[in-house]
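**Q** Contents of work.json (JSON, C-alpha atoms) are given next:
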[["chain", "number", "residue", "atom", "x", "y", "z"],
["A", 29, "MET", "CA", 0.00, 0.00, 0.00],
["A", 30, "ASN", "CA", 1.55, 3.32, -1.06],
["A", 31, "LYS", "CA", -1.37, 5.65, -0.33],
["A", 32, "PHE", "CA", -4.48, 5.65, 1.82],
["A", 33, "THR", "CA", -7.42, 7.88, 0.99],
["A", 34, "CYS", "CA", -10.41, 5.53, 0.79],
["A", 35, "VAL", "CA", -11.68, 2.06, 1.65],
["A", 36, "GLY", "CA", -10.43, 0.69, -1.66],
["A", 37, "ASP", "CA", -6.83, 1.30, -0.60],
["A", 38, "ILE", "CA", -7.01, -0.98, 2.44],
["A", 39, "GLY", "CA", -7.77, -4.16, 0.50],
["A", 40, "SER", "CA", -9.52, -7.01, 2.30],
["A", 41, "LEU", "CA", -11.53, -5.67, 5.25],
["A", 42, "ASP", "CA", -11.33, -9.04, 7.00],
["A", 43, "MET", "CA", -7.54, -8.96, 6.83],
["A", 44, "ALA", "CA", -7.44, -5.32, 7.94],
["A", 45, "ILE", "CA", -9.64, -6.09, 10.95],
["A", 46, "ARG", "CA", -7.52, -9.10, 11.91],
["A", 47, "GLU", "CA", -4.39, -6.97, 11.67],
["A", 48, "ALA", "CA", -6.02, -4.27, 13.82],
["A", 49, "MET", "CA", -6.89, -6.80, 16.52],
["A", 50, "GLU", "CA", -3.35, -8.17, 16.55],
["A", 51, "ILE", "CA", -1.90, -4.67, 16.88],
["A", 52, "LYS", "CA", -4.33, -3.94, 19.69],
["A", 53, "LYS", "CA", -2.92, -6.92, 21.59],
["A", 54, "ASP", "CA", 0.63, -5.55, 21.27],
["A", 55, "ARG", "CA", 1.05, -2.00, 19.98],
["A", 56, "PHE", "CA", 4.85, -2.24, 20.16],
["A", 57, "ALA", "CA", 5.43, -5.44, 18.20],
["A", 58, "PHE", "CA", 6.73, -3.57, 15.14],
["A", 59, "THR", "CA", 8.91, -0.82, 16.61],
["A", 60, "GLU", "CA", 11.84, -1.84, 14.40],
["A", 61, "LEU", "CA", 9.73, -1.20, 11.30],
["A", 62, "GLY", "CA", 9.73, 2.56, 11.81],
["A", 63, "LYS", "CA", 13.23, 2.93, 13.26],
["A", 64, "ASN", "CA", 15.05, 5.88, 11.66],
["A", 65, "LYS", "CA", 11.94, 6.69, 9.60],
["A", 66, "THR", "CA", 10.09, 10.00, 9.83],
["A", 67, "LEU", "CA", 6.39, 10.81, 9.56],
["A", 68, "LEU", "CA", 5.42, 14.35, 8.60],
["A", 69, "MET", "CA", 1.89, 15.30, 9.66],
["A", 70, "ILE", "CA", 0.55, 18.38, 7.84],
["A", 71, "PHE", "CA", -2.53, 20.15, 9.18],
["A", 72, "PHE", "CA", -4.42, 22.71, 7.14],
["A", 73, "ASN", "CA", -7.22, 22.43, 9.74],
["A", 74, "SER", "CA", -7.44, 21.94, 13.49],
["A", 75, "SER", "CA", -7.46, 18.52, 15.11],
["A", 76, "LEU", "CA", -7.52, 16.71, 18.45],
["A", 77, "ARG", "CA", -8.15, 12.94, 18.01],
["A", 78, "THR", "CA", -6.50, 12.73, 14.58],
["A", 79, "ARG", "CA", -3.39, 14.54, 15.70],
["A", 80, "LEU", "CA", -2.88, 12.66, 18.95],
["A", 81, "SER", "CA", -3.89, 9.20, 17.73],
["A", 82, "THR", "CA", -1.81, 9.36, 14.54],
["A", 83, "GLN", "CA", 1.26, 10.66, 16.32],
["A", 84, "LYS", "CA", 0.91, 7.94, 18.97],
["A", 85, "ALA", "CA", 0.48, 5.27, 16.30],
["A", 86, "ALA", "CA", 3.67, 6.38, 14.54],
["A", 87, "MET", "CA", 5.57, 6.42, 17.85],
["A", 88, "ASN", "CA", 4.32, 2.89, 18.57],
["A", 89, "LEU", "CA", 6.01, 1.88, 15.33],
["A", 90, "GLY", "CA", 9.30, 3.51, 16.34],
["A", 91, "MET", "CA", 9.02, 6.51, 14.01],
["A", 92, "ASN", "CA", 10.19, 10.06, 14.41],
["A", 93, "VAL", "CA", 7.28, 12.49, 13.99],
["A", 94, "MET", "CA", 7.18, 16.08, 12.73],
["A", 95, "VAL", "CA", 3.97, 18.13, 12.89],
["A", 96, "LEU", "CA", 3.33, 21.20, 10.73],
["A", 97, "ASP", "CA", 0.34, 23.47, 11.32],
["A", 98, "VAL", "CA", 0.19, 25.26, 7.98],
["A", 99, "ASN", "CA", -1.93, 28.15, 9.21],
["A", 100, "GLN", "CA", 0.22, 28.83, 12.28],
["A", 101, "GLY", "CA", 3.77, 27.60, 11.80],
["A", 102, "ALA", "CA", 4.47, 28.10, 8.10],
["A", 103, "TRP", "CA", 4.19, 30.53, 5.22],
["A", 104, "LYS", "CA", 0.65, 30.88, 3.93],
["A", 105, "LEU", "CA", 0.37, 28.51, 0.99],
["A", 106, "GLU", "CA", -1.23, 29.12, -2.38],
["A", 107, "THR", "CA", -2.99, 26.02, -3.71],
["A", 108, "GLU", "CA", -4.27, 27.15, -7.12],
["A", 109, "ARG", "CA", -2.27, 27.19, -10.34],
["A", 110, "GLY", "CA", -2.12, 30.23, -12.60],
["A", 111, "VAL", "CA", -2.71, 32.82, -9.90],
["A", 112, "ILE", "CA", -0.65, 35.99, -9.55],
["A", 113, "MET", "CA", 0.78, 35.69, -6.06],
["A", 114, "ASP", "CA", 0.53, 39.33, -5.05],
["A", 115, "GLY", "CA", -1.49, 38.73, -1.87],
["A", 116, "ASP", "CA", -0.72, 37.31, 1.55],
["A", 117, "LYS", "CA", 0.36, 33.84, 0.34],
["A", 118, "ALA", "CA", 4.14, 33.69, 0.12],
["A", 119, "GLU", "CA", 4.71, 30.15, -1.12],
["A", 120, "HIS", "CA", 3.03, 27.82, -3.59],
["A", 121, "LEU", "CA", 2.09, 24.30, -2.63],
["A", 122, "LEU", "CA", 3.89, 23.00, -5.73],
["A", 123, "GLU", "CA", 7.25, 24.12, -4.34],
["A", 124, "ALA", "CA", 6.38, 23.36, -0.72],
["A", 125, "ILE", "CA", 5.28, 19.76, -1.33],
["A", 126, "PRO", "CA", 8.53, 18.34, -2.77],
["A", 127, "VAL", "CA", 10.51, 20.23, -0.11],
["A", 128, "MET", "CA", 8.37, 18.62, 2.60],
["A", 129, "GLY", "CA", 8.85, 15.24, 0.96],
["A", 130, "SER", "CA", 12.63, 15.61, 1.12],
["A", 131, "TYR", "CA", 12.50, 15.74, 4.92],
["A", 132, "CYS", "CA", 10.44, 12.62, 5.64],
["A", 133, "ASP", "CA", 9.46, 9.10, 4.61],
["A", 134, "ILE", "CA", 5.66, 9.23, 4.91],
["A", 135, "ILE", "CA", 3.23, 12.17, 4.82],
["A", 136, "GLY", "CA", -0.17, 12.52, 6.47],
["A", 137, "VAL", "CA", -2.38, 15.37, 5.24],
["A", 138, "ARG", "CA", -5.48, 16.97, 6.79],
["A", 139, "SER", "CA", -7.36, 19.44, 4.59],
["A", 140, "PHE", "CA", -11.10, 20.08, 4.85],
["A", 141, "ALA", "CA", -13.59, 21.06, 2.17],
["A", 142, "GLY", "CA", -14.05, 24.78, 1.64],
["A", 143, "LEU", "CA", -17.81, 24.25, 1.04],
["A", 144, "LYS", "CA", -17.84, 27.04, -1.55],
["A", 145, "ASN", "CA", -17.07, 25.18, -4.76],
["A", 146, "LYS", "CA", -18.28, 21.58, -4.95],
["A", 147, "LYS", "CA", -16.21, 20.74, -8.02],
["A", 148, "GLU", "CA", -12.98, 21.88, -6.37],
["A", 149, "ASP", "CA", -13.78, 20.10, -3.11],
["A", 150, "TYR", "CA", -14.68, 16.81, -4.76],
["A", 151, "GLU", "CA", -11.57, 16.86, -6.95],
["A", 152, "GLU", "CA", -9.52, 16.70, -3.71],
["A", 153, "MET", "CA", -6.95, 19.13, -5.08],
["A", 154, "VAL", "CA", -4.79, 19.43, -1.96],
["A", 155, "ILE", "CA", -4.21, 15.78, -1.08],
["A", 156, "GLU", "CA", -3.98, 14.78, -4.74],
["A", 157, "GLN", "CA", -1.13, 17.26, -5.21],
["A", 158, "PHE", "CA", 0.70, 15.71, -2.27],
["A", 159, "ILE", "CA", 0.26, 12.26, -3.81],
["A", 160, "LYS", "CA", 1.50, 13.51, -7.19],
["A", 161, "TYR", "CA", 4.43, 15.73, -6.18],
["A", 162, "SER", "CA", 5.79, 14.63, -2.79],
["A", 163, "GLY", "CA", 7.50, 11.43, -3.90],
["A", 164, "ARG", "CA", 6.36, 9.82, -0.64],
["A", 165, "PRO", "CA", 3.52, 7.55, 0.49],
["A", 166, "VAL", "CA", 0.63, 9.79, 1.51],
["A", 167, "PHE", "CA", -2.36, 9.10, 3.73],
["A", 168, "SER", "CA", -5.44, 11.14, 4.50],
["A", 169, "MET", "CA", -6.00, 12.47, 8.00],
["A", 170, "GLU", "CA", -9.32, 13.82, 6.62],
["A", 171, "ALA", "CA", -9.75, 15.34, 3.23],
["A", 172, "ALA", "CA", -12.55, 17.26, 1.54],
["A", 173, "THR", "CA", -14.71, 14.23, 0.78],
["A", 174, "ARG", "CA", -13.55, 11.40, 3.08],
["A", 175, "HIS", "CA", -12.15, 10.66, 6.54],
["A", 176, "PRO", "CA", -10.89, 7.08, 6.11],
["A", 177, "LEU", "CA", -8.94, 6.78, 9.39],
["A", 178, "GLN", "CA", -12.15, 7.61, 11.26],
["A", 179, "SER", "CA", -14.23, 5.18, 9.21],
["A", 180, "PHE", "CA", -11.69, 2.39, 9.70],
["A", 181, "ALA", "CA", -11.81, 3.01, 13.46],
["A", 182, "ASP", "CA", -15.62, 2.98, 13.29],
["A", 183, "LEU", "CA", -15.52, -0.41, 11.57],
["A", 184, "ILE", "CA", -13.10, -1.82, 14.17],
["A", 185, "THR", "CA", -15.45, -0.60, 16.91],
["A", 186, "ILE", "CA", -18.55, -2.15, 15.36],
["A", 187, "GLU", "CA", -16.71, -5.45, 14.92],
["A", 188, "GLU", "CA", -15.74, -5.41, 18.60],
["A", 189, "PHE", "CA", -19.23, -4.62, 19.91],
["A", 190, "LYS", "CA", -21.56, -6.40, 17.49],
["A", 191, "THR", "CA", -23.56, -9.36, 18.83],
["A", 192, "LYS", "CA", -24.78, -10.73, 15.51],
["A", 193, "PRO", "CA", -23.04, -11.42, 12.19],
["A", 194, "ARG", "CA", -25.07, -8.84, 10.25],
["A", 195, "PRO", "CA", -25.98, -5.90, 12.49],
["A", 196, "LYS", "CA", -28.28, -3.09, 11.43],
["A", 197, "VAL", "CA", -26.23, 0.12, 11.31],
["A", 198, "VAL", "CA", -28.04, 3.43, 10.96],
["A", 199, "MET", "CA", -26.30, 6.69, 10.12],
["A", 200, "THR", "CA", -28.52, 9.59, 11.08],
["A", 201, "TRP", "CA", -28.21, 13.28, 10.26],
["A", 202, "ALA", "CA", -28.57, 15.49, 13.33],
["A", 203, "PRO", "CA", -28.73, 19.28, 13.70],
["A", 204, "HIS", "CA", -25.69, 21.53, 14.08],
["A", 205, "PRO", "CA", -25.38, 25.34, 14.13],
["A", 206, "LYS", "CA", -22.60, 25.47, 11.52],
["A", 207, "ALA", "CA", -22.09, 24.12, 8.02],
["A", 208, "LEU", "CA", -20.01, 20.94, 8.18],
["A", 209, "PRO", "CA", -18.41, 18.97, 5.32],
["A", 210, "GLN", "CA", -19.76, 15.66, 4.04],
["A", 211, "ALA", "CA", -16.40, 13.91, 4.57],
["A", 212, "VAL", "CA", -17.29, 11.82, 7.63],
["A", 213, "PRO", "CA", -20.74, 10.68, 6.41],
["A", 214, "ASN", "CA", -19.39, 10.03, 2.91],
["A", 215, "SER", "CA", -16.56, 7.94, 4.28],
["A", 216, "PHE", "CA", -18.67, 6.08, 6.83],
["A", 217, "ALA", "CA", -21.18, 5.19, 4.11],
["A", 218, "GLU", "CA", -18.41, 4.02, 1.79],
["A", 219, "TRP", "CA", -16.94, 1.72, 4.46],
["A", 220, "MET", "CA", -20.31, 0.37, 5.59],
["A", 221, "ASN", "CA", -21.21, -0.43, 1.98],
["A", 222, "ALA", "CA", -18.00, -2.46, 1.76],
["A", 223, "THR", "CA", -19.31, -4.75, 4.54],
["A", 224, "ASP", "CA", -22.32, -7.06, 4.58],
["A", 225, "TYR", "CA", -24.06, -5.03, 7.30],
["A", 226, "ASP", "CA", -27.68, -3.92, 6.99],
["A", 227, "PHE", "CA", -26.93, -0.23, 6.39],
["A", 228, "VAL", "CA", -29.49, 2.60, 6.52],
["A", 229, "ILE", "CA", -29.03, 6.36, 6.08],
["A", 230, "THR", "CA", -31.65, 8.72, 7.46],
["A", 231, "HIS", "CA", -31.82, 12.49, 6.99],
["A", 232, "PRO", "CA", -34.26, 15.28, 6.15],
["A", 233, "ARG", "CA", -35.02, 15.89, 2.48],
["A", 234, "GLY", "CA", -32.41, 18.14, 0.93],
["A", 235, "TYR", "CA", -29.50, 16.48, 2.72],
["A", 236, "GLU", "CA", -28.96, 13.71, 0.15],
["A", 237, "LEU", "CA", -25.30, 12.70, -0.16],
["A", 238, "ASP", "CA", -23.35, 12.03, -3.34],
["A", 239, "PRO", "CA", -24.89, 8.85, -4.79],
["A", 240, "LYS", "CA", -21.47, 7.25, -5.23],
["A", 241, "PHE", "CA", -21.09, 7.21, -1.44],
["A", 242, "VAL", "CA", -24.70, 6.27, -0.68],
["A", 243, "GLY", "CA", -24.20, 3.17, -2.79],
["A", 244, "ASN", "CA", -26.57, 0.36, -1.86],
["A", 245, "ALA", "CA", -27.65, 1.87, 1.46],
["A", 246, "VAL", "CA", -31.35, 2.20, 2.22],
["A", 247, "VAL", "CA", -32.26, 5.90, 2.47],
["A", 248, "GLU", "CA", -35.10, 6.57, 4.92],
["A", 249, "TYR", "CA", -36.50, 10.06, 5.48],
["A", 250, "ASP", "CA", -38.44, 9.02, 8.58],
["A", 251, "GLN", "CA", -35.83, 8.94, 11.36],
["A", 252, "ARG", "CA", -37.99, 7.03, 13.82],
["A", 253, "LYS", "CA", -38.71, 4.33, 11.25],
["A", 254, "ALA", "CA", -35.01, 4.07, 10.44],
["A", 255, "PHE", "CA", -34.17, 3.52, 14.11],
["A", 256, "GLU", "CA", -36.48, 0.54, 14.49],
["A", 257, "GLY", "CA", -34.46, -2.59, 15.29],
["A", 258, "ALA", "CA", -31.09, -0.86, 14.87],
["A", 259, "ASP", "CA", -27.99, -2.31, 16.55],
["A", 260, "PHE", "CA", -25.80, 0.77, 16.06],
["A", 261, "ILE", "CA", -26.77, 4.43, 15.71],
["A", 262, "TYR", "CA", -24.09, 6.63, 14.14],
["A", 263, "ALA", "CA", -25.04, 10.31, 14.47],
["A", 264, "LYS", "CA", -23.43, 13.01, 12.35],
["A", 265, "ASN", "CA", -24.31, 16.38, 10.89],
["A", 266, "TRP", "CA", -23.46, 17.42, 7.36],
["A", 267, "SER", "CA", -24.30, 20.37, 5.14],
["A", 268, "ALA", "CA", -26.19, 20.10, 1.87],
["A", 269, "TYR", "CA", -24.44, 18.37, -1.04],
["A", 270, "THR", "CA", -26.89, 18.95, -3.89],
["A", 271, "ASP", "CA", -26.90, 22.12, -5.98],
["A", 272, "PRO", "CA", -27.79, 24.95, -5.66],
["A", 273, "ASN", "CA", -27.45, 24.56, -1.89],
["A", 274, "TYR", "CA", -23.99, 23.00, -1.67],
["A", 275, "GLY", "CA", -22.45, 23.74, 1.73],
["A", 276, "ALA", "CA", -25.62, 25.28, 3.15],
["A", 277, "VAL", "CA", -27.37, 24.66, 6.45],
["A", 278, "LEU", "CA", -30.95, 23.92, 5.39],
["A", 279, "SER", "CA", -32.27, 23.05, 8.83],
["A", 280, "THR", "CA", -31.38, 22.96, 12.52],
["A", 281, "ASP", "CA", -34.52, 21.03, 13.40],
["A", 282, "ARG", "CA", -34.06, 19.70, 16.95],
["A", 283, "ASP", "CA", -36.61, 16.98, 16.18],
["A", 284, "TRP", "CA", -33.65, 15.13, 14.62],
["A", 285, "THR", "CA", -31.56, 15.21, 17.83],
["A", 286, "VAL", "CA", -30.81, 11.67, 19.02],
["A", 287, "ASP", "CA", -32.58, 11.21, 22.36],
["A", 288, "SER", "CA", -33.57, 8.33, 24.64],
["A", 289, "ASP", "CA", -37.07, 8.18, 23.16],
["A", 290, "LYS", "CA", -35.64, 7.40, 19.72],
["A", 291, "MET", "CA", -33.01, 5.04, 21.09],
["A", 292, "ALA", "CA", -35.84, 3.07, 22.71],
["A", 293, "LEU", "CA", -37.02, 2.19, 19.19],
["A", 294, "THR", "CA", -33.76, 0.34, 18.52],
["A", 295, "ASP", "CA", -32.66, -3.15, 19.52],
["A", 296, "ASN", "CA", -30.76, -1.71, 22.50],
["A", 297, "ALA", "CA", -28.42, -0.05, 20.03],
["A", 298, "PHE", "CA", -24.97, 1.31, 20.72],
["A", 299, "PHE", "CA", -24.54, 5.04, 20.12],
["A", 300, "MET", "CA", -21.59, 6.24, 18.02],
["A", 301, "HIS", "CA", -20.19, 9.62, 17.00],
["A", 302, "CYS", "CA", -16.80, 10.65, 15.63],
["A", 303, "LEU", "CA", -16.42, 13.58, 18.11],
["A", 304, "PRO", "CA", -16.32, 16.45, 18.85],
["A", 305, "VAL", "CA", -20.06, 16.42, 19.47],
["A", 306, "ARG", "CA", -22.49, 19.26, 20.17],
["A", 307, "ARG", "CA", -24.46, 18.00, 23.16],
["A", 308, "ASN", "CA", -28.21, 18.52, 23.03],
["A", 309, "MET", "CA", -27.91, 19.39, 19.34],
["A", 310, "ILE", "CA", -26.57, 16.12, 17.94],
["A", 311, "VAL", "CA", -27.35, 13.96, 20.98],
["A", 312, "THR", "CA", -28.81, 14.43, 24.43],
["A", 313, "ASP", "CA", -26.72, 14.13, 27.59],
["A", 314, "ASP", "CA", -28.47, 10.98, 28.75],
["A", 315, "VAL", "CA", -27.75, 9.12, 25.49],
["A", 316, "ILE", "CA", -24.09, 10.02, 25.15],
["A", 317, "GLU", "CA", -23.51, 9.29, 28.86],
["A", 318, "SER", "CA", -25.39, 5.98, 28.79],
["A", 319, "GLU", "CA", -23.85, 2.53, 29.07],
["A", 320, "ARG", "CA", -24.63, 2.01, 25.37],
["A", 321, "SER", "CA", -22.55, 4.98, 24.28],
["A", 322, "ILE", "CA", -19.27, 3.76, 22.78],
["A", 323, "VAL", "CA", -17.86, 7.09, 21.62],
["A", 324, "ILE", "CA", -14.77, 6.74, 23.84],
["A", 325, "PRO", "CA", -13.76, 3.23, 22.69],
["A", 326, "GLU", "CA", -14.50, 4.45, 19.15],
["A", 327, "ALA", "CA", -12.11, 7.38, 19.61],
["A", 328, "ALA", "CA", -9.49, 5.12, 21.19],
["A", 329, "ASN", "CA", -9.57, 2.93, 18.09],
["A", 330, "ARG", "CA", -8.30, 5.87, 16.06],
["A", 331, "GLU", "CA", -4.83, 4.93, 17.30],
["A", 332, "ILE", "CA", -5.31, 1.39, 16.01],
["A", 333, "SER", "CA", -6.65, 2.34, 12.59],
["A", 334, "ALA", "CA", -3.78, 4.79, 12.11],
["A", 335, "GLN", "CA", -1.22, 2.21, 13.19],
["A", 336, "VAL", "CA", -2.45, -0.38, 10.68],
["A", 337, "VAL", "CA", -2.27, 2.19, 7.89],
["A", 338, "ILE", "CA", 1.16, 3.56, 8.79],
["A", 339, "LYS", "CA", 2.52, 0.04, 9.27],
["A", 340, "ARG", "CA", 1.40, -0.93, 5.78],
["A", 341, "LEU", "CA", 2.89, 2.25, 4.30],
["A", 342, "LEU", "CA", 6.20, 1.53, 6.04],
["A", 343, "GLU", "CA", 6.15, -2.00, 4.63],
["A", 344, "SER", "CA", 5.84, -0.54, 1.12],
["A", 345, "LEU", "CA", 9.02, 1.57, 1.42]]
Here is the file; what I need is its structure written in the form of structure tokens.

**A**
Amino acid sequence: MNKFTCVGDIGSLDMAIREAMEIKKDRFAFTELGKNKTLLMIFFNSSLRTRLSTQKAAMNLGMNVMVLDVNQGAWKLETERGVIMDGDKAEHLLEAIPVMGSYCDIIGVRSFAGLKNKKEDYEEMVIEQFIKYSGRPVFSMEAATRHPLQSFADLITIEEFKTKPRPKVVMTWAPHPKALPQAVPNSFAEWMNATDYDFVITHPRGYELDPKFVGNAVVEYDQRKAFEGADFIYAKNWSAYTDPNYGAVLSTDRDWTVDSDKMALTDNAFFMHCLPVRRNMIVTDDVIESERSIVIPEAANREISAQVVIKRLLESL
């Protein structure tokens, strides 16, 4: 594996899960693999879980780690070609990328969608330029359209907690005061569609995702109906994908907040969320604090998903 941006890059999910479980038993079994190797983590956007879990995973593998916050610790970077650089951006990404590549062995990139131009966001210009020009294996720490490390951790978590071979997994839209990208729901849907789970997506009309990510999922506009018999509830907000409302907040309807009344419709489902979560917007206090909330084990598995990915990238060097 020489890059990781989507579920297709990981290969067999069964093998990936088995590898994750082995790493979880002994996080330090492969410290020689990363000895004298350097990971460069580049953040165009803020992070907590991704930053800490990925850095820890690389350290578990014996790697040196460098972290660059582009908006705080570097020159402002221009990302578009053909522009006259007479503004506040002092360096172009096309010069910066190969320079970065010369200082490391593997690169992780985090760059969110701008939510202003759908075509530009869905072309994944930033991470694709790193893949093309860095000369190094590159993995996504969340891009404009996907967050594969999160989705891999979500899958590991479901596999650990499921009580039947084919659980019903429901991804539900929930209200949020700000416009958020579609990366997490896109990615979660893509990974769930790669399993044999019974997968349902529920959201208000107008919040339809890109059909290529929806795939074979059942789309249900009645949230309560979608929750019936569910084994896992995955709550997440996203802004509108379809034109002419791309990136817009169409609704903050609190009727879509995940509460105990709706969870009672499920088959004693586990509650999941990628975090950070807006309490009493996305989910009520009693649900996220309940014994069926697995948001903390889910977050902890971010270290494991990152370690599997980095290990495989190291093995490709």

**Q** Please list as a VMD selection string every residue within 8 Å of Met291 in chain A, counting only C-alpha atoms and excluding residues in the same chain fewer than 4 positions away.

**A** chain A and resid 255 286 to 287 296 to 297 315

**Q** Print the selection's residues with C-alpha atoms to a file, as a PDB file, in the frame of the given file.

**A**
ATOM      1  CA  PHE A 255     -34.170   3.520  14.110  1.00  0.00           C
ATOM      2  CA  VAL A 286     -30.810  11.670  19.020  1.00  0.00           C
ATOM      3  CA  ASP A 287     -32.580  11.210  22.360  1.00  0.00           C
ATOM      4  CA  ASN A 296     -30.760  -1.710  22.500  1.00  0.00           C
ATOM      5  CA  ALA A 297     -28.420  -0.050  20.030  1.00  0.00           C
ATOM      6  CA  VAL A 315     -27.750   9.120  25.490  1.00  0.00           C
TER       7      VAL A 315
END

**Q** Show which residues sit within 9 Å of range 200-206 of chain A, as a PyMOL selection string. Count all atoms listed in the file, and ignore same-chain residues fewer than 3 positions away.

**A** chain A and resi 213+228-232+235+251+254-255+261-267+276-277+279-286+306+309-311

**Q** Out of A:Gly129, A:Gly36, A:Pro176, A:Gly234, which residue has the shortest atom-to-atom distance to Asn214 in chain A when counting only C-alpha atoms?

**A**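 Residue with the minimum atom-to-atom distance to Asn214 in chain A: A:Pro176.
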
**Q** With only C-alpha atoms as the basis for distance, which of A:Ala86, A:Cys34, A:Ile155, A:Met49 is at the shortest distance from Asn329 in chain A?

**A**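 Using only C-alpha atoms, Asn329 in chain A sits closest to A:Met49.
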
**Q** If you measure from CA of Thr59 in chain A to CA of Ser81 in chain A, what distance in Å do you get, rounded to one decimal?

**A** 16.3 Å

**Q** Kindly give the distance, in Å, that separates CA of Glu236 in chain A and CA of Ala217 in chain A, rounded to a single decimal.

**A**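 Taking CA of Glu236 in chain A as the start and CA of Ala217 in chain A as the end point, the length is 12.2 Å.
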
**Q** To one decimal place in Å, what is the distance between CA of Lys53 in chain A and CA of Asp182 in chain A?

**A**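 Those two atoms sit 18.1 Å apart.
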
**Q** Restricting the calculation to all atoms listed in the file, which member of A:Leu237, A:Ala48, A:Leu122, A:Leu96 is positioned closest to Glu187 in chain A?

**A** A:Ala48

**Q** Using all atoms listed in the file, which residues sit within 9 Å of Asp271 in chain A once same-chain residues fewer than 3 positions away are excluded, as a CSV table (one decimal) with C-alpha atoms, in the coordinates of the input?

**A**
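Written out: out03.csv:
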chain,number,residue,atom,x,y,z
A,146,LYS,CA,-18.3,21.6,-5.0
A,268,ALA,CA,-26.2,20.1,1.9
A,274,TYR,CA,-24.0,23.0,-1.7

**Q** Go through A:Leu68, A:Leu208, A:Ala85, A:Met91 and flag the residue nearest Ser162 in chain A, using only C-alpha atoms for the distances.

**A**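 Checking each of A:Leu68, A:Leu208, A:Ala85, A:Met91 against Ser162 in chain A, counting only C-alpha atoms, the winner is A:Leu68.
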
**Q** May I have the protein, DNA and RNA residues with any atom at most 10 Å from the point (-22.6, -2.6, 22.0), counting only C-alpha atoms, written as a ChimeraX atom specification?

**A** /A:185-191,259-260,296-300,319-322

**Q** Under the rule that all atoms listed in the file are counted, which of A:Gly110, A:Pro165, A:Gly275, A:Pro126 is the nearest residue to Leu342 in chain A?

**A**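 Looking at the shortest contact to Leu342 in chain A, the residue is A:Pro165.
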
**Q** Using all atoms listed in the file for the distances, tell me which of A:Leu61, A:Met220, A:Val98, A:Ile332 is nearest to Ala44 in chain A.

**A** A:Ile332

**Q** Excluding Lys253 in chain A and its own-chain neighbours fewer than 2 positions away, which residues fall within 10 Å of it when counting only C-alpha atoms? Please give them as a list in words.

**A**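 These residues fall inside the cut-off: Thr230, Glu248, Tyr249, Asp250, Gln251, Phe255, Glu256, Gly257, Ala258, Lys290, Leu293 and Thr294 of chain A.
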